[in-house]
file work-v9.txt (compact mmCIF, C-alpha atoms (C1' of nucleotides))
# COMPACT_ATOMS: atom_id res chain seq x y z
CA MET Y 1 28.95 48.08 -72.52
CA THR Y 2 27.30 46.83 -69.33
CA ASN Y 3 27.99 48.41 -65.97
CA SER Y 4 28.47 45.19 -64.09
CA TYR Y 5 30.37 42.03 -64.85
CA THR Y 6 27.67 39.70 -63.62
CA MET Y 7 26.87 38.34 -67.05
CA ILE Y 8 28.13 34.85 -67.51
CA ASN Y 9 30.67 35.26 -70.25
CA PRO Y 10 31.47 32.14 -72.25
CA LEU Y 11 35.12 33.11 -72.12
CA VAL Y 12 35.09 32.84 -68.34
CA LYS Y 13 34.06 29.20 -68.57
CA GLN Y 14 36.48 28.59 -71.38
CA MET Y 15 39.35 30.03 -69.43
CA GLN Y 16 38.47 28.03 -66.34
CA ALA Y 17 38.15 24.88 -68.43
CA ALA Y 18 41.67 25.54 -69.69
CA GLY Y 19 42.87 25.39 -66.09
CA HIS Y 20 43.11 29.11 -65.36
CA ARG Y 21 41.69 30.70 -62.24
CA MET Y 22 39.01 33.30 -62.44
CA THR Y 23 39.32 36.64 -60.69
CA PRO Y 24 37.29 39.85 -60.79
CA GLN Y 25 40.10 41.53 -62.75
CA ARG Y 26 40.19 38.83 -65.39
CA GLN Y 27 36.44 38.69 -65.63
CA ALA Y 28 36.27 42.45 -66.13
CA VAL Y 29 38.95 42.50 -68.81
CA LEU Y 30 37.34 39.62 -70.68
CA GLU Y 31 33.93 41.25 -70.46
CA ILE Y 32 35.23 44.47 -71.97
CA LEU Y 33 37.14 42.66 -74.70
CA THR Y 34 34.18 40.58 -75.79
CA THR Y 35 31.48 43.23 -75.63
CA SER Y 36 33.25 46.16 -77.24
CA ASP Y 37 32.94 46.99 -80.91
CA ALA Y 38 35.36 49.88 -80.60
CA HIS Y 39 38.62 47.90 -80.63
CA PRO Y 40 39.82 49.38 -77.32
CA THR Y 41 43.42 50.16 -76.44
CA VAL Y 42 45.10 48.70 -73.37
CA ASP Y 43 44.66 51.99 -71.59
CA GLN Y 44 40.99 52.21 -72.40
CA ILE Y 45 40.52 48.71 -70.99
CA TYR Y 46 42.62 49.61 -67.96
CA GLU Y 47 40.62 52.76 -67.20
CA ARG Y 48 37.33 50.96 -67.67
CA VAL Y 49 38.29 48.08 -65.37
CA ARG Y 50 39.37 50.54 -62.69
CA VAL Y 51 35.89 52.06 -62.58
CA ASP Y 52 34.78 48.88 -60.84
CA PHE Y 53 38.09 47.59 -59.51
CA PRO Y 54 40.35 50.56 -58.73
CA MET Y 55 43.17 48.38 -57.42
CA THR Y 56 43.79 46.78 -60.78
CA SER Y 57 47.24 47.23 -62.28
CA ARG Y 58 48.27 47.66 -65.86
CA ALA Y 59 50.41 44.54 -65.56
CA THR Y 60 47.33 42.45 -64.85
CA VAL Y 61 45.52 43.92 -67.83
CA TYR Y 62 48.49 43.14 -70.05
CA LYS Y 63 48.80 39.63 -68.63
CA THR Y 64 45.12 38.88 -69.09
CA ILE Y 65 45.13 40.15 -72.67
CA SER Y 66 48.23 38.09 -73.33
CA LEU Y 67 46.53 34.99 -71.97
CA ALA Y 68 43.46 35.64 -74.08
CA LYS Y 69 45.66 36.07 -77.14
CA GLU Y 70 47.34 32.73 -76.48
CA MET Y 71 43.94 31.08 -76.24
CA GLY Y 72 43.05 32.65 -79.55
CA VAL Y 73 39.97 34.39 -78.20
CA VAL Y 74 41.33 37.89 -78.66
CA MET Y 75 42.93 39.37 -81.74
CA GLU Y 76 45.62 42.02 -81.47
CA LEU Y 77 45.63 44.84 -83.98
CA GLU Y 78 49.04 46.48 -84.02
CA PHE Y 79 49.02 50.04 -85.26
CA GLY Y 80 52.64 50.80 -84.45
CA LYS Y 81 54.04 53.07 -81.77
CA GLY Y 82 52.13 51.60 -78.88
CA SER Y 83 48.63 52.12 -80.10
CA ASN Y 84 47.62 48.50 -80.21
CA ARG Y 85 43.95 47.69 -80.15
CA TYR Y 86 42.11 44.52 -79.25
CA ASP Y 87 39.11 42.66 -80.55
CA GLY Y 88 37.54 39.89 -78.51
CA LYS Y 89 34.29 40.02 -80.37
CA ARG Y 90 35.61 38.97 -83.76
CA PRO Y 91 39.01 37.44 -83.05
CA TYR Y 92 39.70 36.44 -86.63
CA PRO Y 93 41.09 38.36 -89.60
CA HIS Y 94 38.66 40.83 -91.10
CA THR Y 95 38.79 44.13 -92.90
CA HIS Y 96 38.95 47.37 -90.91
CA VAL Y 97 38.29 50.94 -91.89
CA ILE Y 98 40.10 53.49 -89.76
CA CYS Y 99 39.38 57.21 -89.50
CA THR Y 100 42.71 59.02 -89.32
CA LYS Y 101 41.04 61.96 -87.64
CA CYS Y 102 38.97 60.49 -84.79
CA LYS Y 103 40.89 57.18 -84.70
CA GLN Y 104 37.70 55.17 -84.91
CA VAL Y 105 38.32 51.59 -86.01
CA MET Y 106 35.33 50.15 -87.79
CA ASP Y 107 34.67 46.60 -88.90
CA ALA Y 108 33.95 45.83 -92.50
CA ASP Y 109 34.02 42.09 -92.05
CA ASP Y 110 31.40 41.42 -94.69
CA LEU Y 111 33.86 42.30 -97.42
CA GLU Y 112 34.97 39.45 -99.60
CA ILE Y 113 38.71 39.10 -99.93
CA THR Y 114 38.73 35.48 -101.08
CA GLU Y 115 39.44 36.39 -104.65
CA LEU Y 116 42.33 38.65 -103.70
CA LYS Y 117 43.74 35.92 -101.48
CA GLU Y 118 43.55 33.41 -104.32
CA GLN Y 119 45.41 35.81 -106.59
CA VAL Y 120 48.16 36.06 -103.98
CA ILE Y 121 48.45 32.29 -103.65
CA ARG Y 122 48.52 31.85 -107.42
CA LYS Y 123 51.12 34.53 -108.01
CA THR Y 124 53.47 33.89 -105.09
CA GLY Y 125 53.23 30.21 -104.24
CA TYR Y 126 52.82 31.09 -100.57
CA TRP Y 127 50.70 29.18 -98.13
CA ILE Y 128 48.54 31.98 -96.79
CA VAL Y 129 47.43 31.55 -93.20
CA ASN Y 130 46.50 35.08 -92.18
CA HIS Y 131 45.91 38.53 -93.51
CA ARG Y 132 45.56 42.12 -92.46
CA VAL Y 133 43.47 44.46 -94.56
CA ASP Y 134 43.02 48.04 -93.38
CA PHE Y 135 41.69 51.08 -95.18
CA PHE Y 136 42.49 54.54 -93.86
CA GLY Y 137 40.46 57.68 -94.48
CA ILE Y 138 37.92 60.09 -93.07
CA CYS Y 139 34.68 58.80 -91.57
CA PRO Y 140 31.31 60.38 -92.48
CA ASP Y 141 31.10 62.23 -89.14
CA CYS Y 142 34.52 63.83 -89.50
CA GLN Y 143 33.72 64.76 -93.09
CA LYS Y 144 30.89 66.92 -91.79
CA VAL Y 145 33.08 68.74 -89.29
CA SER Y 146 35.68 69.79 -91.83
CA THR Y 147 36.30 69.30 -95.50
CA HIS Y 148 39.91 70.32 -95.26
CA ASN Y 149 41.51 67.07 -94.19
CA MET E 1 72.89 46.81 -103.57
CA THR E 2 75.94 48.76 -104.77
CA ASN E 3 79.14 48.97 -102.77
CA SER E 4 79.66 52.65 -103.23
CA TYR E 5 77.35 55.59 -103.00
CA THR E 6 78.74 57.40 -105.99
CA MET E 7 75.63 56.93 -108.09
CA ILE E 8 73.68 60.08 -108.50
CA ASN E 9 70.47 59.35 -106.68
CA PRO E 10 67.48 61.47 -107.66
CA LEU E 11 66.56 61.70 -104.00
CA VAL E 12 69.83 63.46 -103.26
CA LYS E 13 68.93 66.24 -105.65
CA GLN E 14 65.38 66.29 -104.39
CA MET E 15 66.49 66.65 -100.81
CA GLN E 16 68.92 69.40 -101.67
CA ALA E 17 66.28 71.19 -103.70
CA ALA E 18 64.08 71.09 -100.61
CA GLY E 19 66.77 73.03 -98.77
CA HIS E 20 68.44 70.18 -96.91
CA ARG E 21 72.19 69.64 -96.82
CA MET E 22 73.72 66.53 -98.22
CA THR E 23 76.14 64.42 -96.17
CA PRO E 24 77.76 61.03 -96.78
CA GLN E 25 75.52 59.54 -94.09
CA ARG E 26 72.34 60.85 -95.67
CA GLN E 27 73.44 59.84 -99.12
CA ALA E 28 74.18 56.30 -97.91
CA VAL E 29 70.86 55.93 -96.14
CA LEU E 30 68.94 57.22 -99.13
CA GLU E 31 70.85 54.94 -101.48
CA ILE E 32 69.99 51.88 -99.39
CA LEU E 33 66.36 52.88 -99.04
CA THR E 34 65.85 53.41 -102.75
CA THR E 35 67.75 50.40 -104.05
CA SER E 36 66.56 47.70 -101.70
CA ASP E 37 63.66 45.39 -102.48
CA ALA E 38 63.91 43.70 -99.10
CA HIS E 39 62.10 46.33 -97.01
CA PRO E 40 65.03 46.73 -94.60
CA THR E 41 64.74 47.43 -90.88
CA VAL E 42 66.41 50.43 -89.25
CA ASP E 43 69.13 48.17 -87.93
CA GLN E 44 69.81 46.61 -91.31
CA ILE E 45 70.17 50.08 -92.78
CA TYR E 46 72.37 51.12 -89.87
CA GLU E 47 74.71 48.13 -90.23
CA ARG E 48 74.95 48.58 -93.99
CA VAL E 49 75.77 52.27 -93.73
CA ARG E 50 78.48 51.51 -91.19
CA VAL E 51 80.30 49.26 -93.66
CA ASP E 52 81.30 52.42 -95.51
CA PHE E 53 80.90 55.01 -92.76
CA PRO E 54 81.66 53.37 -89.41
CA MET E 55 81.16 56.55 -87.44
CA THR E 56 77.48 56.79 -88.32
CA SER E 57 75.07 56.79 -85.42
CA ARG E 58 71.63 55.26 -85.14
CA ALA E 59 70.24 58.71 -84.39
CA THR E 60 71.32 59.93 -87.80
CA VAL E 61 69.78 56.93 -89.50
CA TYR E 62 66.51 57.56 -87.68
CA LYS E 63 66.62 61.27 -88.47
CA THR E 64 67.30 60.67 -92.14
CA ILE E 65 64.52 58.13 -92.45
CA SER E 66 62.21 60.53 -90.65
CA LEU E 67 63.10 63.30 -93.08
CA ALA E 68 62.54 61.01 -96.05
CA LYS E 69 59.16 60.02 -94.63
CA GLU E 70 58.15 63.66 -94.30
CA MET E 71 59.11 64.24 -97.91
CA GLY E 72 56.96 61.27 -98.88
CA VAL E 73 59.80 59.47 -100.60
CA VAL E 74 59.92 56.61 -98.13
CA MET E 75 57.05 54.51 -96.85
CA GLU E 76 57.09 53.08 -93.36
CA LEU E 77 55.68 49.62 -92.81
CA GLU E 78 54.88 49.16 -89.14
CA PHE E 79 54.86 45.57 -88.02
CA GLY E 80 54.48 46.27 -84.32
CA LYS E 81 57.02 45.80 -81.56
CA GLY E 82 59.81 47.71 -83.20
CA SER E 83 60.14 45.71 -86.33
CA ASN E 84 59.35 48.53 -88.69
CA ARG E 85 60.52 48.22 -92.25
CA TYR E 86 61.07 50.82 -94.93
CA ASP E 87 60.47 51.05 -98.65
CA GLY E 88 62.02 53.85 -100.67
CA LYS E 89 61.60 52.05 -103.94
CA ARG E 90 57.81 51.96 -103.96
CA PRO E 91 56.76 54.55 -101.39
CA TYR E 92 53.05 54.14 -102.03
CA PRO E 93 50.49 51.65 -100.71
CA HIS E 94 50.80 48.22 -102.23
CA THR E 95 50.10 44.65 -101.21
CA HIS E 96 52.75 42.71 -99.30
CA VAL E 97 53.16 39.02 -98.68
CA ILE E 98 55.13 38.18 -95.53
CA CYS E 99 56.70 34.85 -94.62
CA THR E 100 56.18 34.32 -90.90
CA LYS E 101 59.14 31.96 -90.81
CA CYS E 102 61.98 33.78 -92.58
CA LYS E 103 60.41 37.25 -92.19
CA GLN E 104 60.80 38.00 -95.89
CA VAL E 105 58.55 40.84 -97.02
CA MET E 106 57.64 40.50 -100.67
CA ASP E 107 55.87 42.95 -102.93
CA ALA E 108 52.72 41.95 -104.73
CA ASP E 109 52.00 45.37 -106.10
CA ASP E 110 50.42 44.11 -109.27
CA LEU E 111 47.36 42.98 -107.35
CA GLU E 112 44.20 44.87 -108.02
CA ILE E 113 42.45 46.13 -104.92
CA THR E 114 40.38 48.82 -106.64
CA GLU E 115 37.22 46.78 -106.46
CA LEU E 116 37.68 46.06 -102.77
CA LYS E 117 38.33 49.73 -102.13
CA GLU E 118 35.16 50.71 -103.96
CA GLN E 119 33.18 48.26 -101.88
CA VAL E 120 34.56 49.88 -98.75
CA ILE E 121 33.65 53.37 -99.92
CA ARG E 122 30.17 52.26 -100.91
CA LYS E 123 29.46 50.44 -97.66
CA THR E 124 31.00 52.85 -95.17
CA GLY E 125 30.77 56.32 -96.68
CA TYR E 126 34.42 56.93 -95.83
CA TRP E 127 36.80 58.96 -97.92
CA ILE E 128 39.59 56.43 -98.37
CA VAL E 129 43.05 57.94 -98.71
CA ASN E 130 45.30 55.04 -97.88
CA HIS E 131 45.35 51.32 -97.31
CA ARG E 132 47.43 48.52 -95.92
CA VAL E 133 47.03 45.04 -97.32
CA ASP E 134 49.28 42.29 -95.99
CA PHE E 135 49.06 38.54 -96.37
CA PHE E 136 50.95 36.30 -93.96
CA GLY E 137 52.04 32.76 -94.62
CA ILE E 138 54.93 30.49 -95.59
CA CYS E 139 57.04 31.26 -98.62
CA PRO E 140 57.93 28.55 -101.16
CA ASP E 141 61.50 28.24 -99.83
CA CYS E 142 60.39 27.71 -96.24
CA GLN E 143 57.77 25.22 -97.40
CA LYS E 144 60.58 23.01 -98.72
CA VAL E 145 62.52 23.10 -95.48
CA SER E 146 59.67 21.89 -93.34
CA THR E 147 56.05 21.00 -93.84
CA HIS E 148 55.25 21.25 -90.15
CA ASN E 149 54.72 24.94 -89.78
C1' DT N 1 80.73 82.29 -91.63
C1' DT N 2 76.81 80.10 -89.62
C1' DA N 3 72.87 77.53 -89.51
C1' DC N 4 72.22 72.79 -90.08
C1' DG N 5 73.65 67.92 -89.32
C1' DT N 6 76.03 64.53 -86.47
C1' DG N 7 77.15 61.68 -82.46
C1' DC N 8 76.56 60.67 -77.87
C1' DA N 9 73.91 59.86 -74.08
C1' DA N 10 69.77 60.49 -71.73
C1' DA N 11 64.92 60.49 -71.96
C1' DG N 12 60.37 58.52 -73.49
C1' DC N 13 56.85 55.10 -73.88
C1' DA N 14 54.43 50.96 -74.34
C1' DT N 15 55.15 46.54 -72.85
C1' DT N 16 57.39 42.74 -70.22
C1' DT N 17 59.44 40.66 -66.29
C1' DG N 18 60.91 39.57 -61.39
C1' DC N 19 59.54 38.96 -57.13
C1' DC N 20 56.99 38.86 -53.17
C1' DT N 21 52.37 38.64 -51.21
C1' DC N 22 47.76 37.14 -51.43
C1' DC N 23 43.88 34.30 -52.26
C1' DC N 24 41.29 31.14 -55.48
C1' DT N 25 40.41 26.35 -55.79
C1' DA C 1 47.69 24.01 -48.18
C1' DG C 2 49.74 25.18 -52.36
C1' DG C 3 50.35 27.24 -56.60
C1' DG C 4 48.49 30.39 -59.68
C1' DA C 5 47.36 35.47 -59.94
C1' DG C 6 47.99 40.33 -58.72
C1' DG C 7 50.62 44.55 -57.74
C1' DC C 8 54.59 47.13 -57.75
C1' DA C 9 58.68 48.60 -59.66
C1' DA C 10 62.55 47.68 -62.41
C1' DA C 11 63.94 46.20 -66.86
C1' DT C 12 63.47 46.08 -71.93
C1' DG C 13 63.75 47.55 -76.63
C1' DC C 14 62.86 50.72 -80.11
C1' DT C 15 62.66 55.44 -81.01
C1' DT C 16 63.13 60.36 -79.93
C1' DT C 17 65.40 64.27 -78.02
C1' DG C 18 68.92 67.70 -76.04
C1' DC C 19 73.09 69.48 -76.55
C1' DA C 20 77.84 70.58 -77.93
C1' DC C 21 80.83 70.05 -81.71
C1' DG C 22 81.75 69.74 -86.56
C1' DT C 23 80.83 70.82 -91.36
C1' DA C 24 78.25 71.71 -95.88
C1' DA C 25 77.21 75.54 -98.60
call {"tool": "encode", "arguments": {"input": "work-v9.txt", "output": "structure tokens"}}
result
Amino acid sequence: MTNSYTMINPLVKQMQAAGHRMTPQRQAVLEILTTSDAHPTVDQIYERVRVDFPMTSRATVYKTISLAKEMGVVMELEFGKGSNRYDGKRPYPHTHVICTKCKQVMDADDLEITELKEQVIRKTGYWIVNHRVDFFGICPDCQKVSTHN
Amino acid sequence: MTNSYTMINPLVKQMQAAGHRMTPQRQAVLEILTTSDAHPTVDQIYERVRVDFPMTSRATVYKTISLAKEMGVVMELEFGKGSNRYDGKRPYPHTHVICTKCKQVMDADDLEITELKEQVIRKTGYWIVNHRVDFFGICPDCQKVSTHN
DNA sequence: TTACGTGCAAAGCATTTGCCTCCCT
DNA sequence: AGGGAGGCAAATGCTTTGCACGTAA
């Protein structure tokens, strides 16, 4: 992640083109969302924004994320009990692998689920428009630390 | 779903064997959890229990579900924003198909995800212990009602 | 009998909303 | 200048918790 928000982020233009004003807070939130691979939580985004803009409120972070969601440029990953995470780098359905120990959320978006999806359509008659595929386990790093869970 | 809770539910015995007391409220909650295919919400369970036992509180429903989760006999399906659903009939990971219109949650547990899982293990080096596979779309019934969403 | 379970109400927490002020355009 | 955006605090909604009373075993 960069230390300044001076990069011209395509989302900034996109948001302005959609008739929304640009502010340092918004720019910072968008920058974090689009440059992070770690699927940050709201609080992680909030803390990071406040490094550069200490006056920023949680409400603004929530509102900006909400706006980005509406524009379809950020995907929300709900993990229940207020541990939602956000992805502005790949805001489309893709497979995730989550370490239950260190809470890392890793992309595995090169996995092919087309066949599975076609099975679902064939067997259920649904129109499928979205999917959520998550695998939970222990990442290689955490395996090294302990073999007991 | 039956109208009385007189059936001898294996979970009742199991819970007693684990050293927990049995009460009408617990028996009712367990009966609903294990006989329903509809993946009920806490509130649906609560309302159903109160048909027969109107004095039952939400707290007791939550506590009983929590106990059942700890025993591994009920699986929690988190759908974010307090719309959790519960499955005591198939309390193990399996594929779901969800209608975004009528909110029906359907099982598709005959789908084979082994190959996908092996791909994940091969590509990430994780130990995979669990998974969550959900497809979202429009069910056949809702397709008939309207073709516009 | 007595520790466990229940019901009630209060507390928790992440998120949303209302409202007033400020400032981007 | 005017309306969108931000900040603060209150409200929300689901879930959890504390506590006193009741009850299963």
call {"tool": "residues_around", "arguments": {"input": "work-v9.txt", "residues": "Val105 in chain E", "least_positions_apart": "5", "cutoff": "10 Å", "atoms": "all atoms listed in the file", "output": "list in words"}}
result
Asp37, Ala38, His39, Pro40, Arg85, His96, Val97, Ile98, Cys99, Thr100, Asp134, Phe135, Phe136 and Cys139 of chain E
call {"tool": "interface_residues", "arguments": {"input": "work-v9.txt", "of": "chain N", "to": "chain Y", "cutoff": "12 Å", "atoms": "all atoms listed in the file", "output": "PyMOL selection string"}}
result
chain N and resi 12-17+23-25
call {"tool": "write_last_selection", "arguments": {"input": "work-v9.txt", "atoms": "C-alpha atoms (C1' of nucleotides)", "output": "compact mmCIF listing (two decimals), in the frame of the given file"}}
result
# COMPACT_ATOMS: atom_id res chain seq x y z
C1' DG N 12 60.37 58.52 -73.49
C1' DC N 13 56.85 55.10 -73.88
C1' DA N 14 54.43 50.96 -74.34
C1' DT N 15 55.15 46.54 -72.85
C1' DT N 16 57.39 42.74 -70.22
C1' DT N 17 59.44 40.66 -66.29
C1' DC N 23 43.88 34.30 -52.26
C1' DC N 24 41.29 31.14 -55.48
C1' DT N 25 40.41 26.35 -55.79
call {"tool": "atom_distance", "arguments": {"input": "work-v9.txt", "atom1": "CA of Thr34 in chain E", "atom2": "CA of Thr56 in chain E"}}
result
18.8 Å
call {"tool": "interface_residues", "arguments": {"input": "work-v9.txt", "of": "chain C", "to": "chain E", "cutoff": "12 Å", "atoms": "only C-alpha atoms (C1' of nucleotides)", "output": "list in words"}}
result
DT12, DG13, DC14, DT15, DT16, DT17, DT23, DA24 and DA25 of chain C
call {"tool": "atom_distance", "arguments": {"input": "work-v9.txt", "atom1": "CA of Gln119 in chain E", "atom2": "CA of Glu112 in chain Y"}}
result
9.3 Å
call {"tool": "residues_near_point", "arguments": {"input": "work-v9.txt", "point": "(79.7, 70.0, -81.1)", "cutoff": "9 Å", "atoms": "only C-alpha atoms (C1' of nucleotides)", "output": "list in words"}}
result
DT6 and DG7 of chain N; DC19, DA20, DC21 and DG22 of chain C
call {"tool": "closest_atom_pairs", "arguments": {"input": "work-v9.txt", "of": "chain E", "to": "chain Y", "cutoff": "8 Å", "atoms": "all atoms listed in the file", "output": "Markdown table"}}
result
| residue | atom | partner | partner_atom | distance |
| --- | --- | --- | --- | --- |
| E:Glu78 | CA | Y:Gly80 | CA | 5.5 |
| E:Phe79 | CA | Y:Gly80 | CA | 6.7 |
| E:Gly80 | CA | Y:Gly80 | CA | 4.9 |
| E:Lys81 | CA | Y:Gly80 | CA | 7.2 |
| E:Gly82 | CA | Y:Gly80 | CA | 7.9 |
| E:Val97 | CA | Y:Val120 | CA | 7.9 |
| E:Ala108 | CA | Y:Val120 | CA | 7.5 |
| E:Leu111 | CA | Y:Gln119 | CA | 7.5 |
| E:Glu112 | CA | Y:Leu116 | CA | 7.8 |
| E:Ile113 | CA | Y:Leu116 | CA | 7.6 |
| E:Leu116 | CA | Y:Leu111 | CA | 7.6 |
| E:Lys117 | CA | Y:Phe135 | CA | 7.8 |
| E:Gln119 | CA | Y:Leu111 | CA | 7.5 |
| E:Val120 | CA | Y:Ala108 | CA | 7.5 |
| E:Thr124 | CA | Y:Cys139 | CA | 7.9 |
| E:Gly125 | CA | Y:Pro140 | CA | 5.9 |
| E:Tyr126 | CA | Y:Cys139 | CA | 4.7 |
| E:Trp127 | CA | Y:Ile138 | CA | 5.1 |
| E:Ile128 | CA | Y:Gly137 | CA | 4.2 |
| E:Val129 | CA | Y:Gly137 | CA | 5.0 |
| E:Asn130 | CA | Y:Phe136 | CA | 4.9 |
| E:His131 | CA | Y:Phe135 | CA | 4.2 |
| E:Arg132 | CA | Y:Asp134 | CA | 5.1 |
| E:Val133 | CA | Y:Val133 | CA | 4.5 |
| E:Asp134 | CA | Y:Arg132 | CA | 5.1 |
| E:Phe135 | CA | Y:His131 | CA | 4.3 |
| E:Phe136 | CA | Y:Asn130 | CA | 4.9 |
| E:Gly137 | CA | Y:Ile128 | CA | 4.2 |
| E:Ile138 | CA | Y:Trp127 | CA | 5.1 |
| E:Cys139 | CA | Y:Tyr126 | CA | 4.7 |
| E:Pro140 | CA | Y:Tyr126 | CA | 5.7 |
call {"tool": "atom_distance", "arguments": {"input": "work-v9.txt", "atom1": "CA of Leu30 in chain Y", "atom2": "CA of Ile65 in chain Y"}}
result
8.1 Å
call {"tool": "residues_around", "arguments": {"input": "work-v9.txt", "residues": "range 68-76 of chain E", "least_positions_apart": "3", "cutoff": "6 Å", "atoms": "all atoms listed in the file", "output": "PyMOL selection string"}}
result
chain E and resi 65+86-88+91
call {"tool": "closest_residue", "arguments": {"input": "work-v9.txt", "among": "Y:Asp52, Y:Ser57, Y:Asp109, Y:Val12", "to": "DA9 in chain C", "atoms": "all atoms listed in the file"}}
result
Y:Ser57
call {"tool": "axis_aligned_box", "arguments": {"input": "work-v9.txt", "around": "range 109-114 of chain Y", "padding_each_side": "4 Å", "output": "AutoDock Vina command-line options"}}
result
--center_x 35.1 --center_y 38.9 --center_z -96.6 --size_x 15.3 --size_y 14.8 --size_z 17.0
call {"tool": "closest_residue", "arguments": {"input": "work-v9.txt", "among": "Y:Thr41, Y:Thr60, Y:Gln14, Y:Ser66", "to": "DG7 in chain C", "atoms": "only C-alpha atoms (C1' of nucleotides)"}}
result
Y:Thr60
